[in-house]
Protein chains: 2
Amino acid sequence: MNPDIMKERQNATFDVEKLTHILNGGAEKTKRRREIESMVMSDPDFREQDPNFLSRSERYDQAVRKSAQMILKLREYGIADPEEIYCYKKMVQGHHHEALGLHFVMFLPTLYSQCDPEQAKKWLPLAESFQAMGTYAQTEMGHGTHLRGLETTATYDPATQEFVLNSPTISSIKWWPGGLGKTSNHAIVLAQLYTLGNLHGLHAFIVPIRDMNTHEPLPGIVVGDIGPKFGFNEVDNGFLKLENVRLPRDNMLMKYAKVEPDGTYVKPPSAKLTYGTMVFIRSLIVGESARALSKSCTIAIRYSSVRHQSEIRPGEPEPQIMDYQTQQYKLFPLLATAYAFTFVGQYMTETYQRISGDINQGDFSELPELHALSAGLKAFTTWSTNSAIEVCRMSCGGHGYSRSSALPDIYVEFTPTCTYEGENTVMMLQTARYLVKSYRQAKAGQRLSGIVSYLNEDKHQRVQPQPVAARPTVVDVNDLASLVEVYKQRAAILVELAAKSIQQELQCRKSQEDAWNNSSIDLVRASDAHCHYVVVKLFTDKLGEVGDTAIHSVLSTLALLYALHGITKNSGDFLQAGLLSVPQVLQISVRIKELLSQVRLNAVALVDAFDIHDKMLNSVLGRYDGNVYENMFEWARRSPLNSTEVHESFHKYLKPLRSKL
Amino acid sequence: MNPDIMKERQNATFDVEKLTHILNGGAEKTKRRREIESMVMSDPDFREQDPNFLSRSERYDQAVRKSAQMILKLREYGIADPEEIYCYKKMVQGHHHEALGLHFVMFLPTLYSQCDPEQAKKWLPLAESFQAMGTYAQTEMGHGTHLRGLETTATYDPATQEFVLNSPTISSIKWWPGGLGKTSNHAIVLAQLYTLGNLHGLHAFIVPIRDMNTHEPLPGIVVGDIGPKFGFNEVDNGFLKLENVRLPRDNMLMKYAKVEPDGTYVKPPSAKLTYGTMVFIRSLIVGESARALSKSCTIAIRYSSVRHQSEIRPGEPEPQIMDYQTQQYKLFPLLATAYAFTFVGQYMTETYQRISGDINQGDFSELPELHALSAGLKAFTTWSTNSAIEVCRMSCGGHGYSRSSALPDIYVEFTPTCTYEGENTVMMLQTARYLVKSYRQAKAGQRLSGIVSYLNEDKHQRVQPQPVAARPTVVDVNDLASLVEVYKQRAAILVELAAKSIQQELQCRKSQEDAWNNSSIDLVRASDAHCHYVVVKLFTDKLGEVGDTAIHSVLSTLALLYALHGITKNSGDFLQAGLLSVPQVLQISVRIKELLSQVRLNAVALVDAFDIHDKMLNSVLGRYDGNVYENMFEWARRSPLNSTEVHESFHKYLKPLRSKL
């Protein structure tokens, strides 16, 4: 092991293993996770080439092979618990995605939830045995977020009792569904239903797209891969153009809405059936943010402890780059963020499970808040993580730019979370809608419950930077409870500001909609402040659960760093609202430097506690043993351009060039 | 042409062509640029495949072919003016880089500047005829920024009158030089010179690395490609390990320092020979930032004018996404930044040329300021642009993630500018060193000249948010001159804060070096504020040169947006320093919304004025004609995964899977 990184570990003030258990939700969970991970690692069937050395087609090929292997292995080992399956798959996939992902995440669940009994009998065995491999085709080339805008049509023909599916325009071509391009032979297609001359909105149809034996596209089906992307090379995101494709009547999923043989349309009992799933997936993404950021911090911080560069004191050996204050200032707030998001992710999962229980018992009361919170936190955590990964990458200097660092892979595979499952700005505005509604209810005298209850609080009860006559509290910038309070009040003030902006627009005779649009900068800002408050609060709450003194101390330092760093980055908000004074903001800058020194001592141990295995990390910079350079050299020598000493281009272009001059 | 984008153009309030001339430096320059660009476009020898459809090896192959072609074509057409060569090459390369780039940018210039007459007679003909193709090998695996840390050794052996070159450790392996991996047969290697038992520091050696006929690596040379990177797929960044490589004495570049046959070392007359080149390259990078940002804004803004999505008013057709205030708030400040950086780039080039003239006449007085300014502005503009490209990409929703948008390519090819030619944080600290030095000189009563002269100004002369007794000026947030003033004072205050932080550390008995390191967060912040001031000032200065009223008006709007947006993003600084009042900050938020509406009208015309040809842009989203969807479909169908209907993985894995279940 590299002696620098060894020394870092020796200096740690807490028990890394215990912190890992806290992050995993208990020692048992850590143990089981490691068992599953080592199943994958010891399995020769999962030996593979670094995807960075492969062509797109080879990467896709390798991903399909692994997907097929996983199906067999999971059955062989009897792994059936969703959490364990998730863990197994993550270890197989590394930073990348599963070729058959949509079959499991969308195709099967949609069949389970939307088939009527007859359909279930027909389709479930086909799908469960992978005779039918499917995807979910919703997005079109011209239409994403706004479902009502989708153009694909399904017109019922009572004469033959068939639906006729069409992509009437270029912009209506289905675009982006994962696994659609080459893998799937079926797709659940969302289309506008017309029957007996009437439009009934979006409905789901099971559309066979390829022959189940030959895998050739069926008549009327134009299907293919949408071409190379920033990342997601393992996945064949596809297009689908439907040209008068005729489907039997019972290929429309009929558990809720129905079309009778004569074309009569029967409405579904409720319109909000997918609400819960959306909330669930967005909550999961919060955890994905934590995960991607933990990986990135692990790489950047370990590398910063073994990389020596430049000089602080002339004549002395080059210091570890982690000793530069600027490097600490780049990385340690991100490390604190990784911890914060991990705890927020845990909270979201727990809350979802709790509320799901309530929902099953008919109690929907907490769903709107969770819906609003999951939208905003999805956006807040993915945006933060997205830029943080790049800060980590660039903090590794030139070597961060090499694919051997894994940071480019982590970035390109993560960044779509800012767009999919609800574009982030749209998500922030959804949360804002809930906040403004709650604000108005509070103004109207209603008592709010849950996280937004702060909107009930009287302005004059608010904390103040200095003791003022008749104003009670003074902010203590070293006290987390006090900081939670100022974050809360900043959120309250910015929600109020946004609500007032709408009000002013309305007073200028703008329509509701234009008033909303003309206030949307303020609305996004309010949502952001609300989410920031929630994160600071949940991190602080988590500390209450930590019994181990040493761990409590180091996590408190991180929480304080997270909260104070957030204040300096948004100091205008706090000053503008009168929540902090100028001397306090200056004091915070000084305090942050002290906290950086404290985190410095434990930084490597804090990333070790994430317990991300080298095989999963797949980064020469982030290796546990710190032996960066020899492994970078070895990696480079294996790369495809070095398979021959002389590249053919020398003989083709460079040698002939000389004679032409 | 797409009717939406046509309408945008019809609504523009100014003459696009005239603005293009301003950006190009005159109508003649526009004309010549277009001539050169059409030479490339009409040339069948430069027809090529989209690099996104090729493997790494094929991309490198295509790049070498184009490099060889360019050499022949430039001679054929007699294009010899550096600016015209630059323009020709850019058009051939698109977003990508030249395989033989380092031969032209580093190998040849180093030979020109550091060969003695004998060496020049031998090497220049070889290099100019591409018998010797070369690169510049400085960076090592373990050493980047800090040149004194380089480990490669060149030990003189008087017995044979040879140098013996070695890579004594893994970390000393040369790493990253462009063209080193496969292309070059020579490298200029920077090594620590030992002669007669003494170390004389870094010197440059011409090292043959491959046989000039067979291109095979020579004995003692271990050379290859460093493997795949985030981008730069066209370039074979390489490694070089030297194992007792013996070079004749005259392979050391001897124009300045010398080693006599007996091993006697003769010192060079001056140590600062490369100072000017460094400044020049960093100044160029400012222009590259402007260029990358202009491309990204062109794509995102044109796409935002043809993409329709969601609804503002229920029942109405989906609006252009550019009508959403949040979209305007994402993109228009970046558009303003693209203009700002273009003008800053022009200023840097002009200033460099002017100062070069002075230097040739022995006047070095302005060099330190330009050195400091080029370091800081390189960091300031590349950091801003780096995150801005990603904002542009994500503002295009899912389609931005497709390689067909070109935004992933622009990002990965641009992002290394944050690291190379001086890592950005190091650059900011270099500028800070100059600022602190100037501040101390001012405190000591010295009159400063040039851009930093504001450090002479008395605190009590500063503008104030409100009229205060004995304090003269009030800030007018609608007046650019007034805003330049507040940016200047913010810089002055932050330089003072950083200098005082160092002072305080020294008072706590820290060494100079630790005091500097412990203040480096403040120092970077001060540099950033200084650069921000310079950019606002130069943009404002530029307006004075614009005669056309309509163009003056639209550029003033952009300059105001740039300045006010920068204030809201850093409002804490301005409030903390007492430069602006809380009501003024609120007023600025309102004013920004008005400016966004004004820019909305001209947004497409403003990106059209950059006049970036579709072939250069290579983006289906950014096409001049706005016909996005049909071209995206066509592009996807050409992609390699669609060359067969059925991917072999179906037969290899998916079909067999069914029988195993």
# chains A, B, ... in the order shown; residues from 1 in each chain; ligands from 1
>>> interface_residues(of="chain B", to="chain A", cutoff="6 Å", atoms="only C-alpha atoms", output="PDB file with C-alpha atoms, in the first residue's frame")
ATOM      1  CA  SER B  55     -13.877   3.727 -33.411  1.00  0.00           C
ATOM      2  CA  ASP B  61      -6.726   7.495 -38.739  1.00  0.00           C
ATOM      3  CA  ARG B  65      -5.322  11.747 -43.076  1.00  0.00           C
ATOM      4  CA  HIS B 146       5.688  22.264 -10.966  1.00  0.00           C
ATOM      5  CA  ILE B 226      -1.987   6.757 -22.903  1.00  0.00           C
ATOM      6  CA  GLY B 227      -5.397   5.282 -23.666  1.00  0.00           C
ATOM      7  CA  PRO B 228      -8.896   6.669 -24.088  1.00  0.00           C
ATOM      8  CA  LYS B 229      -9.819  10.020 -22.594  1.00  0.00           C
ATOM      9  CA  PHE B 230     -12.975  12.054 -22.051  1.00  0.00           C
ATOM     10  CA  SER B 310     -45.738  21.956 -22.491  1.00  0.00           C
ATOM     11  CA  ILE B 312     -48.066  28.284 -20.568  1.00  0.00           C
ATOM     12  CA  ARG B 313     -51.761  28.936 -21.215  1.00  0.00           C
ATOM     13  CA  THR B 326     -36.529  29.944 -16.849  1.00  0.00           C
ATOM     14  CA  TYR B 401     -27.457  14.329 -24.558  1.00  0.00           C
ATOM     15  CA  SER B 402     -27.372  12.876 -28.082  1.00  0.00           C
ATOM     16  CA  ARG B 403     -24.053  13.192 -29.875  1.00  0.00           C
ATOM     17  CA  PRO B 408     -21.111  16.625 -25.777  1.00  0.00           C
ATOM     18  CA  GLU B 513       4.204  30.294   2.705  1.00  0.00           C
ATOM     19  CA  ILE B 521      -9.545  30.761  -0.733  1.00  0.00           C
ATOM     20  CA  SER B 571     -24.968  39.602  -4.349  1.00  0.00           C
ATOM     21  CA  GLY B 572     -23.403  38.651  -1.020  1.00  0.00           C
ATOM     22  CA  GLN B 576     -21.284  42.709   2.419  1.00  0.00           C
ATOM     23  CA  VAL B 582     -31.024  45.524  -0.312  1.00  0.00           C
ATOM     24  CA  ALA B 636     -29.690   8.191 -36.330  1.00  0.00           C
ATOM     25  CA  SER B 639     -25.371   5.285 -37.090  1.00  0.00           C
ATOM     26  CA  SER B 649     -26.020 -10.428 -29.633  1.00  0.00           C
ATOM     27  CA  TYR B 653     -27.181 -14.481 -25.905  1.00  0.00           C
TER      28      TYR B 653
END
>>> residues_around(residues="B:Val16", least_positions_apart="3", cutoff="8 Å", atoms="only C-alpha atoms", output="PyMOL selection string")
chain B and resi 19-20+605-606+608-609
>>> write_last_selection(atoms="N, CA and C atoms", output="CSV table (one decimal), in the first residue's frame")
chain,number,residue,atom,x,y,z
B,19,LEU,N,-23.1,43.2,-37.4
B,19,LEU,CA,-22.6,42.8,-36.2
B,19,LEU,C,-21.5,41.7,-36.4
B,20,THR,N,-21.8,40.8,-37.4
B,20,THR,CA,-20.7,39.8,-37.7
B,20,THR,C,-19.4,40.5,-38.0
B,605,ALA,N,-31.1,36.2,-33.8
B,605,ALA,CA,-30.2,37.1,-34.7
B,605,ALA,C,-28.9,37.2,-34.0
B,606,LEU,N,-28.9,37.3,-32.7
B,606,LEU,CA,-27.6,37.5,-32.0
B,606,LEU,C,-26.7,36.2,-32.1
B,608,ASP,N,-27.0,34.2,-34.8
B,608,ASP,CA,-26.7,34.2,-36.2
B,608,ASP,C,-25.5,35.0,-36.5
B,609,ALA,N,-25.3,36.1,-35.7
B,609,ALA,CA,-24.2,37.0,-36.0
B,609,ALA,C,-22.9,36.4,-35.7
>>> residues_around(residues="stretch 155-157 of chain A", least_positions_apart="6", cutoff="6 Å", atoms="only C-alpha atoms", output="tab-separated table (two decimals) with all heavy atoms, in the first residue's frame")
chain	number	residue	atom	x	y	z
A	163	PHE	N	-56.93	-2.14	-33.55
A	163	PHE	CA	-56.42	-0.77	-33.49
A	163	PHE	C	-55.44	-0.58	-34.64
A	163	PHE	O	-54.65	-1.49	-34.94
A	163	PHE	CB	-55.69	-0.51	-32.17
A	163	PHE	CG	-56.60	-0.53	-30.98
A	163	PHE	CD1	-56.68	-1.64	-30.14
A	163	PHE	CD2	-57.39	0.59	-30.69
A	163	PHE	CE1	-57.52	-1.66	-29.04
A	163	PHE	CE2	-58.24	0.58	-29.59
A	163	PHE	CZ	-58.31	-0.55	-28.76
A	164	VAL	N	-55.47	0.61	-35.21
A	164	VAL	CA	-54.48	0.95	-36.24
A	164	VAL	C	-53.56	2.00	-35.65
A	164	VAL	O	-54.01	3.10	-35.31
A	164	VAL	CB	-55.16	1.49	-37.51
A	164	VAL	CG1	-54.13	1.65	-38.62
A	164	VAL	CG2	-56.30	0.57	-37.93
A	193	LEU	N	-55.81	7.60	-28.13
A	193	LEU	CA	-56.84	6.64	-28.56
A	193	LEU	C	-58.02	7.37	-29.23
A	193	LEU	O	-58.62	8.27	-28.64
A	193	LEU	CB	-57.33	5.86	-27.33
A	193	LEU	CG	-58.59	5.01	-27.53
A	193	LEU	CD1	-58.35	3.90	-28.54
A	193	LEU	CD2	-59.05	4.43	-26.19
A	194	TYR	N	-58.31	6.95	-30.46
A	194	TYR	CA	-59.51	7.42	-31.14
A	194	TYR	C	-60.45	6.24	-31.33
A	194	TYR	O	-60.04	5.18	-31.83
A	194	TYR	CB	-59.18	7.97	-32.54
A	194	TYR	CG	-58.46	9.30	-32.53
A	194	TYR	CD1	-57.07	9.36	-32.42
A	194	TYR	CD2	-59.18	10.50	-32.63
A	194	TYR	CE1	-56.42	10.58	-32.41
A	194	TYR	CE2	-58.53	11.72	-32.62
A	194	TYR	CZ	-57.15	11.76	-32.51
A	194	TYR	OH	-56.51	12.97	-32.51
A	195	THR	N	-61.68	6.41	-30.91
A	195	THR	CA	-62.67	5.37	-31.25
A	195	THR	C	-64.01	6.04	-31.52
A	195	THR	O	-64.37	7.01	-30.86
A	195	THR	CB	-62.76	4.28	-30.16
A	195	THR	OG1	-63.79	3.36	-30.51
A	195	THR	CG2	-63.03	4.84	-28.77
>>> residues_around(residues="A:Arg246", least_positions_apart="4", cutoff="12 Å", atoms="only C-alpha atoms", output="PyMOL selection string")
chain A and resi 153-157+160-166+205-209+218-221+242+250-252
>>> residues_around(residues="stretch 477-479 of chain B", least_positions_apart="2", cutoff="8 Å", atoms="only C-alpha atoms", output="ChimeraX atom specification")
/B:475,481-483,560,564,584,588
>>> residues_around(residues="B:Asn602", least_positions_apart="2", cutoff="9 Å", atoms="only C-alpha atoms", output="number ranges by chain")
B: 8-9, 11-14, 554, 598-600, 604-607
>>> write_last_selection(atoms="C-alpha atoms", output="PDB file, in the first residue's frame")
ATOM      1  CA  GLU B   8     -37.403  35.079 -35.219  1.00  0.00           C
ATOM      2  CA  ARG B   9     -35.085  36.417 -37.901  1.00  0.00           C
ATOM      3  CA  ASN B  11     -38.308  40.236 -35.898  1.00  0.00           C
ATOM      4  CA  ALA B  12     -34.679  41.173 -35.301  1.00  0.00           C
ATOM      5  CA  THR B  13     -34.088  44.872 -34.720  1.00  0.00           C
ATOM      6  CA  PHE B  14     -30.572  45.097 -36.137  1.00  0.00           C
ATOM      7  CA  VAL B 554     -28.720  45.500 -28.494  1.00  0.00           C
ATOM      8  CA  GLN B 598     -35.629  42.496 -24.612  1.00  0.00           C
ATOM      9  CA  VAL B 599     -33.001  39.906 -25.530  1.00  0.00           C
ATOM     10  CA  ARG B 600     -35.759  37.403 -26.388  1.00  0.00           C
ATOM     11  CA  VAL B 604     -31.695  34.124 -32.749  1.00  0.00           C
ATOM     12  CA  ALA B 605     -30.236  37.069 -34.651  1.00  0.00           C
ATOM     13  CA  LEU B 606     -27.577  37.469 -31.965  1.00  0.00           C
ATOM     14  CA  VAL B 607     -26.386  33.907 -32.410  1.00  0.00           C
TER      15      VAL B 607
END
